[in-house]
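Below: the structure, in structure tokens.
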Amino acid sequence: MRKKEATILLIDDDDDILFSARISLKNYFTNIITENNPKNINQHLTKNLIDVILLDMNYCIGFEDGREGLYWLKHIKEISHETTVILMTAFGSIHLAVEAIKQGATDFILKPWNSEKLYAAVNSGVELARSKRKNTQLETIQKQQDKEFHQKTEHIIGNSTTMQTAINLVKKVAPTDANVLILGENGTGKYVFAKEIHLQSNRKDYPFIHIDLGSLNENLFESELFGYVKGAFTDAYKDTIGRFELAKGGTIFLDEIGNLPLHLQSKLLTVIQNRKITRLGEGKERAIDARIICATNAPIYQMVADETFRQDLLFRINTIELNLPPLRDRIEDITLLANHFLQKLTLKYRKKIGSFTKEAINAMENYHWPGNIREIEHIVERAVIITDNNQIQTSDLYFSSKGMNINVSDNLNLEETEKVLIQQAIQKHQGNISKAAKDLGLTRAALYRRLEKYQL
Ligand SMILES: Nc1ncnc2c1ncn2[C@@H]1O[C@H](COP(=O)(O)OP(=O)(O)OP(=O)(O)O)[C@@H](O)[C@H]1O
């Protein structure tokens, strides 16, 4: 039999008991630590991740009322509440057992023990410790996500008509349980809006569970979304709930739904239609109670036309559709967002930078923003870090050549094209006018004239 990866600490002042417990358990678990002085508990807990502590109730001769055991139990629970504590005594009484369980012990065994019973108690103690740790991890992730979210967006920024329309739609849709599909390019705020719908809904006190469907392969899709029972597959050591169940009472945000292959789309459709899931390896169906919000940056209607996305699934998820426009189509929001990030980032980097030059604003308004709001945040962050000025200049803004590319079929205006090319050259040479002029085939003076003409 393969030993289970687990650390068990045995504490008793009787070395014979320690010896016999070690013999009983060492064939089943990888690490057995013995200790005859409970005062050393802290050292063990700080050095090792202990799954189970088997703790004697009595240490001083003459004190056999279990008080010491209860004292140490309380102490362990205060510093490592995920560790399972099993108490043992030769003088067990129901009264003491009840008291110990009330104070956080998981089990109580009487000496002399039967080896099988001891193994069974320790083994379920190990499983319990693991599931407590996993829950703590999930809670930490959730808290972290919430914290990041609040740090990221105290407000949704946007005065443009399209953003105001989107914000108003959120207000109307949030209190209903309608499925929402959020469409928009990368970095347009799909996550931010999904979370905002959740926060404005009646489900706000329950979890908001985000999952990137694009990153799941076939095996993970089912186990992550629906959960599994112990033994369902090789690594299924214990029952685990999936994201749909985790989102109970709250919202599940299925991101990148356009990346889901067709056969998984069918599975998801069945779940959304029936509002039931079945954990892997379990026959039983479980009802789901989660509001469903989906998002994608893929051209979903084109995908339906190309038969790479199921039309029936689209109709299930798009009861309400929220379109987030790319930043280049709402130029009026650019200055607002740039100033918002400037304020936030100057605080973060403790720099005194009051504003952007007129030319820098102009350059931002003429840029294509392929990465949308995420990109403006990154560009402002980089500028804040590198600039030595108290105003951000055009040369502090590092635009990617992707966003500078001129699409000739879109824009045939010669002056506009010239202006963009000049910006591109200045960016490429990081503000070095001589090099930019050379690249453009102009003299320095000719370039300066054009900079003035276009107010760059
Ligand atoms: N309206 C907004 N106001 C302020 N910040 C925003 C706004 N929209 C998005 N952001 C910020 O822009 C960044 C990208 O937003 P988000 O992750 O929501 O975009 P997304 O569309 O989900 O991106 P992707 O498609 O790449 O997953 C985040 O840092 C977010 O806080």
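For the structure tokens, the naming scheme is as follows: chains receive sequential letters (A, B, ...) according to their order of presentation, residues are indexed from 1 within each chain, and ligands are indexed from 1 in presentation order.
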Close residues to ligand 1 using only C-alpha atoms and all ligand atoms, limit 9 Å, as a PyMOL selection string: chain A and resi 148-158+163+182-195+212+255-256+295-297+324+337+340-341+371-377
Leu110 of chain A environment, 7 Å, only C-alpha atoms, sequence neighbours closer than 3 positions dropped, as a list in words: Met88, Thr89, Ala90, Gly92 and Trp113 of chain A
How would the residues just picked look written out with N, CA and C atoms as a PDB file, in the first residue's frame?
ATOM      1  N   MET A  88      -6.578  11.769  23.052  1.00  0.00           N
ATOM      2  CA  MET A  88      -6.552  10.390  23.553  1.00  0.00           C
ATOM      3  C   MET A  88      -6.331  10.384  25.058  1.00  0.00           C
ATOM      4  N   THR A  89      -6.960   9.448  25.687  1.00  0.00           N
ATOM      5  CA  THR A  89      -6.776   9.301  27.132  1.00  0.00           C
ATOM      6  C   THR A  89      -7.143   7.893  27.569  1.00  0.00           C
ATOM      7  N   ALA A  90      -6.493   7.495  28.630  1.00  0.00           N
ATOM      8  CA  ALA A  90      -6.856   6.195  29.186  1.00  0.00           C
ATOM      9  C   ALA A  90      -8.033   6.348  30.136  1.00  0.00           C
ATOM     10  N   GLY A  92     -10.950   8.170  29.644  1.00  0.00           N
ATOM     11  CA  GLY A  92     -11.984   8.886  28.906  1.00  0.00           C
ATOM     12  C   GLY A  92     -13.320   8.862  29.611  1.00  0.00           C
ATOM     13  N   TRP A 113      -5.726   1.546  22.261  1.00  0.00           N
ATOM     14  CA  TRP A 113      -6.538   1.611  21.064  1.00  0.00           C
ATOM     15  C   TRP A 113      -6.388   0.376  20.203  1.00  0.00           C
TER      16      TRP A 113
END
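Rounded to one decimal, atom CA of Asn58 of chain A and atom CA of Glu5 of chain A lie 29.2 Å from each other.
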DSSP alpha helix (DSSP H) selection over segment 289-348 of chain A, as a PyMOL selection string: chain A and resi 300-305+311-317+332-348
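Atom CA of Ala97 of chain A lies 24.0 Å from atom CA of Leu45 of chain A.
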Residues of segment 240-350 of chain A in strand (DSSP E or B), written as an NGL selection string: :A and (240-241 or 251-255 or 276-278 or 280 or 285-287 or 291-296 or 320-323)
Output file for the selection above: C-alpha atoms, as a compact mmCIF listing (two decimals), in the first residue's frame:
# COMPACT_ATOMS: atom_id res chain seq x y z
CA THR A 240 -14.59 18.39 -4.75
CA ILE A 241 -17.22 20.90 -5.71
CA THR A 251 -22.86 34.80 -10.01
CA ILE A 252 -20.73 32.69 -12.30
CA PHE A 253 -18.77 34.63 -14.94
CA LEU A 254 -17.91 32.42 -17.91
CA ASP A 255 -15.17 34.38 -19.64
CA LYS A 276 -28.53 21.09 -13.21
CA ILE A 277 -25.05 19.67 -12.99
CA THR A 278 -23.71 16.22 -12.21
CA LEU A 280 -17.96 13.59 -12.30
CA GLU A 285 -28.06 15.65 -10.44
CA ARG A 286 -27.67 18.85 -8.42
CA ALA A 287 -29.63 22.04 -9.08
CA ARG A 291 -26.67 33.88 -12.27
CA ILE A 292 -24.81 33.35 -15.52
CA ILE A 293 -22.78 36.09 -17.17
CA CYS A 294 -20.70 35.25 -20.24
CA ALA A 295 -18.15 37.31 -22.14
CA THR A 296 -16.05 37.06 -25.25
CA ILE A 320 -29.28 40.80 -22.46
CA GLU A 321 -26.31 41.85 -24.52
CA LEU A 322 -23.84 44.47 -23.39
CA ASN A 323 -21.48 45.85 -26.03
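Every protein or nucleic acid residue with an atom no more than 9 Å from Glu127 of chain A, counting only C-alpha atoms and leaving out same-chain residues fewer than 3 positions away, appears here: Asp51, Val122, Asn123, Ser124, Arg130, Ser131, Lys132, Tyr237 and Lys238 of chain A.
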Can you write out the residues you just picked, keeping N, CA and C atoms, as a PDB file, in the first residue's frame?
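Result went into again.pdb, see below:
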ATOM      1  N   ASP A  51      -0.914  17.874   9.542  1.00  0.00           N
ATOM      2  CA  ASP A  51      -2.305  17.560   9.202  1.00  0.00           C
ATOM      3  C   ASP A  51      -3.086  17.158  10.447  1.00  0.00           C
ATOM      4  N   VAL A 122      -7.222   8.795  12.226  1.00  0.00           N
ATOM      5  CA  VAL A 122      -6.179   9.694  11.734  1.00  0.00           C
ATOM      6  C   VAL A 122      -6.403   9.982  10.237  1.00  0.00           C
ATOM      7  N   ASN A 123      -6.764   8.914   9.500  1.00  0.00           N
ATOM      8  CA  ASN A 123      -6.959   9.097   8.058  1.00  0.00           C
ATOM      9  C   ASN A 123      -8.066  10.111   7.775  1.00  0.00           C
ATOM     10  N   SER A 124      -9.203   9.999   8.469  1.00  0.00           N
ATOM     11  CA  SER A 124     -10.244  10.991   8.164  1.00  0.00           C
ATOM     12  C   SER A 124      -9.832  12.364   8.680  1.00  0.00           C
ATOM     13  N   ARG A 130      -7.106  18.681   5.004  1.00  0.00           N
ATOM     14  CA  ARG A 130      -6.886  19.119   3.618  1.00  0.00           C
ATOM     15  C   ARG A 130      -8.048  19.918   3.089  1.00  0.00           C
ATOM     16  N   SER A 131      -9.269  19.430   3.399  1.00  0.00           N
ATOM     17  CA  SER A 131     -10.392  20.176   2.823  1.00  0.00           C
ATOM     18  C   SER A 131     -10.515  21.547   3.493  1.00  0.00           C
ATOM     19  N   LYS A 132     -10.157  21.638   4.780  1.00  0.00           N
ATOM     20  CA  LYS A 132     -10.188  22.965   5.431  1.00  0.00           C
ATOM     21  C   LYS A 132      -9.177  23.889   4.763  1.00  0.00           C
ATOM     22  N   TYR A 237      -8.743  12.522  -5.122  1.00  0.00           N
ATOM     23  CA  TYR A 237      -8.578  11.936  -3.793  1.00  0.00           C
ATOM     24  C   TYR A 237      -9.771  12.178  -2.882  1.00  0.00           C
ATOM     25  N   LYS A 238     -10.522  13.219  -3.207  1.00  0.00           N
ATOM     26  CA  LYS A 238     -11.692  13.466  -2.341  1.00  0.00           C
ATOM     27  C   LYS A 238     -12.766  14.221  -3.118  1.00  0.00           C
TER      28      LYS A 238
END
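Of the listed residues A:Leu225, A:Leu73, A:Ala437, A:Ile353, the one whose atoms come nearest to Thr387 of chain A is A:Ile353, with distances taken using only C-alpha atoms.
Residues in contact range of Ala247 of chain A, defined as at most 8 Å between only C-alpha atoms, with sequence neighbours fewer than 5 positions away removed, read Tyr206, Pro207, Phe208, Ile209, Ile252, Asp289 and Ala290 of chain A.
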Could you write out the selected residues, including C-alpha atoms, as a tab-separated table (two decimals), in the first residue's frame?
chain	number	residue	atom	x	y	z
A	206	TYR	CA	-22.71	35.62	-2.32
A	207	PRO	CA	-19.68	34.57	-4.38
A	208	PHE	CA	-18.67	35.97	-7.75
A	209	ILE	CA	-16.88	33.10	-9.48
A	252	ILE	CA	-20.73	32.69	-12.30
A	289	ASP	CA	-28.39	28.51	-8.24
A	290	ALA	CA	-26.08	30.96	-9.97
Pairwise distance for atom CA of Arg2 of chain A and atom CA of Ala21 of chain A, rounded to one decimal in Å: 18.9 Å
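Take the candidates A:Ile101, A:Asp13, A:Gly249, A:Asn219 and check each one against Asp205 of chain A using only C-alpha atoms; the shortest distance goes to A:Gly249.
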Who sits within 12 Å of Ser355 of chain A, only C-alpha atoms, same chain under 5 positions skipped, as a compact mmCIF listing (two decimals) with C-alpha atoms, in the first residue's frame:
# COMPACT_ATOMS: atom_id res chain seq x y z
CA THR A 335 -8.27 62.06 -21.37
CA LEU A 336 -10.57 61.06 -18.53
CA ALA A 338 -5.47 58.86 -18.73
CA ASN A 339 -5.93 61.37 -15.89
CA HIS A 340 -7.58 58.74 -13.70
CA PHE A 341 -4.62 56.37 -14.12
CA LEU A 342 -2.12 59.24 -13.78
CA GLN A 343 -3.61 60.15 -10.40
CA LEU A 345 -0.11 55.78 -10.43
CA THR A 346 1.56 58.95 -9.19
CA ALA A 360 0.72 64.05 -25.30
CA ILE A 361 -3.10 64.17 -25.08
CA VAL A 380 0.55 55.73 -18.33
CA ALA A 383 5.38 57.02 -18.49
CA VAL A 384 5.01 57.76 -14.77
CA THR A 387 9.60 60.53 -16.85
CA ASN A 389 9.29 65.91 -15.97
CA ASN A 390 6.37 67.19 -13.98
CA GLN A 391 4.16 66.79 -17.04
CA ILE A 392 3.96 63.66 -19.19
CA GLN A 393 5.38 64.41 -22.66
CA THR A 394 4.67 62.60 -25.94
Skipping near chain neighbours, those fewer than 5 positions away, what residues fall within 12 Å of Tyr28 of chain A using only C-alpha atoms, listed as a PDB file with N, CA and C atoms, in the first residue's frame?
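Contents of selection.pdb, freshly written:
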ATOM      1  N   MET A   1       0.847  -1.212   0.000  1.00  0.00           N
ATOM      2  CA  MET A   1       0.000   0.000   0.000  1.00  0.00           C
ATOM      3  C   MET A   1       0.883   1.263   0.000  1.00  0.00           C
ATOM      4  N   ARG A   2       0.527   2.228  -0.875  1.00  0.00           N
ATOM      5  CA  ARG A   2       1.321   3.460  -0.918  1.00  0.00           C
ATOM      6  C   ARG A   2       1.009   4.340   0.278  1.00  0.00           C
ATOM      7  N   LYS A   3       2.082   4.905   0.873  1.00  0.00           N
ATOM      8  CA  LYS A   3       1.835   5.752   2.046  1.00  0.00           C
ATOM      9  C   LYS A   3       1.188   7.060   1.615  1.00  0.00           C
ATOM     10  N   LYS A   4       0.320   7.553   2.458  1.00  0.00           N
ATOM     11  CA  LYS A   4      -0.330   8.840   2.151  1.00  0.00           C
ATOM     12  C   LYS A   4       0.606   9.984   2.572  1.00  0.00           C
ATOM     13  N   GLU A   5       0.765  10.978   1.699  1.00  0.00           N
ATOM     14  CA  GLU A   5       1.574  12.170   2.017  1.00  0.00           C
ATOM     15  C   GLU A   5       0.884  12.932   3.140  1.00  0.00           C
ATOM     16  N   ALA A   6       1.342  12.793   4.352  1.00  0.00           N
ATOM     17  CA  ALA A   6       0.691  13.526   5.451  1.00  0.00           C
ATOM     18  C   ALA A   6       1.648  13.586   6.639  1.00  0.00           C
ATOM     19  N   THR A   7       1.506  14.642   7.436  1.00  0.00           N
ATOM     20  CA  THR A   7       2.355  14.783   8.620  1.00  0.00           C
ATOM     21  C   THR A   7       1.491  14.668   9.874  1.00  0.00           C
ATOM     22  N   ILE A   8       1.873  13.697  10.720  1.00  0.00           N
ATOM     23  CA  ILE A   8       1.107  13.446  11.944  1.00  0.00           C
ATOM     24  C   ILE A   8       2.032  13.709  13.131  1.00  0.00           C
ATOM     25  N   ALA A  21       2.185   4.042  18.928  1.00  0.00           N
ATOM     26  CA  ALA A  21       1.382   4.796  17.944  1.00  0.00           C
ATOM     27  C   ALA A  21       2.171   4.961  16.644  1.00  0.00           C
ATOM     28  N   ARG A  22       3.472   5.225  16.778  1.00  0.00           N
ATOM     29  CA  ARG A  22       4.302   5.370  15.576  1.00  0.00           C
ATOM     30  C   ARG A  22       4.288   4.078  14.747  1.00  0.00           C
ATOM     31  N   ILE A  23       4.434   2.935  15.452  1.00  0.00           N
ATOM     32  CA  ILE A  23       4.424   1.642  14.751  1.00  0.00           C
ATOM     33  C   ILE A  23       3.095   1.445  14.016  1.00  0.00           C
ATOM     34  N   SER A 115      -5.582  -0.742  16.497  1.00  0.00           N
ATOM     35  CA  SER A 115      -4.809  -0.105  15.416  1.00  0.00           C
ATOM     36  C   SER A 115      -5.672   0.352  14.248  1.00  0.00           C
ATOM     37  N   GLU A 116      -6.652  -0.472  13.898  1.00  0.00           N
ATOM     38  CA  GLU A 116      -7.496  -0.107  12.745  1.00  0.00           C
ATOM     39  C   GLU A 116      -8.296   1.156  13.031  1.00  0.00           C
ATOM     40  N   LEU A 118      -7.494   3.457  15.150  1.00  0.00           N
ATOM     41  CA  LEU A 118      -6.577   4.598  15.201  1.00  0.00           C
ATOM     42  C   LEU A 118      -6.302   5.085  13.776  1.00  0.00           C
ATOM     43  N   TYR A 119      -6.008   4.134  12.867  1.00  0.00           N
ATOM     44  CA  TYR A 119      -5.729   4.501  11.489  1.00  0.00           C
ATOM     45  C   TYR A 119      -6.945   5.242  10.888  1.00  0.00           C
ATOM     46  N   ALA A 120      -8.143   4.671  11.100  1.00  0.00           N
ATOM     47  CA  ALA A 120      -9.350   5.273  10.502  1.00  0.00           C
ATOM     48  C   ALA A 120      -9.537   6.707  11.003  1.00  0.00           C
ATOM     49  N   VAL A 122      -7.222   8.795  12.226  1.00  0.00           N
ATOM     50  CA  VAL A 122      -6.179   9.694  11.734  1.00  0.00           C
ATOM     51  C   VAL A 122      -6.403   9.982  10.237  1.00  0.00           C
ATOM     52  N   ASN A 123      -6.764   8.914   9.500  1.00  0.00           N
ATOM     53  CA  ASN A 123      -6.959   9.097   8.058  1.00  0.00           C
ATOM     54  C   ASN A 123      -8.066  10.111   7.775  1.00  0.00           C
ATOM     55  N   VAL A 126      -6.808  13.556   8.419  1.00  0.00           N
ATOM     56  CA  VAL A 126      -5.956  14.110   7.353  1.00  0.00           C
ATOM     57  C   VAL A 126      -6.837  14.716   6.255  1.00  0.00           C
TER      58      VAL A 126
END
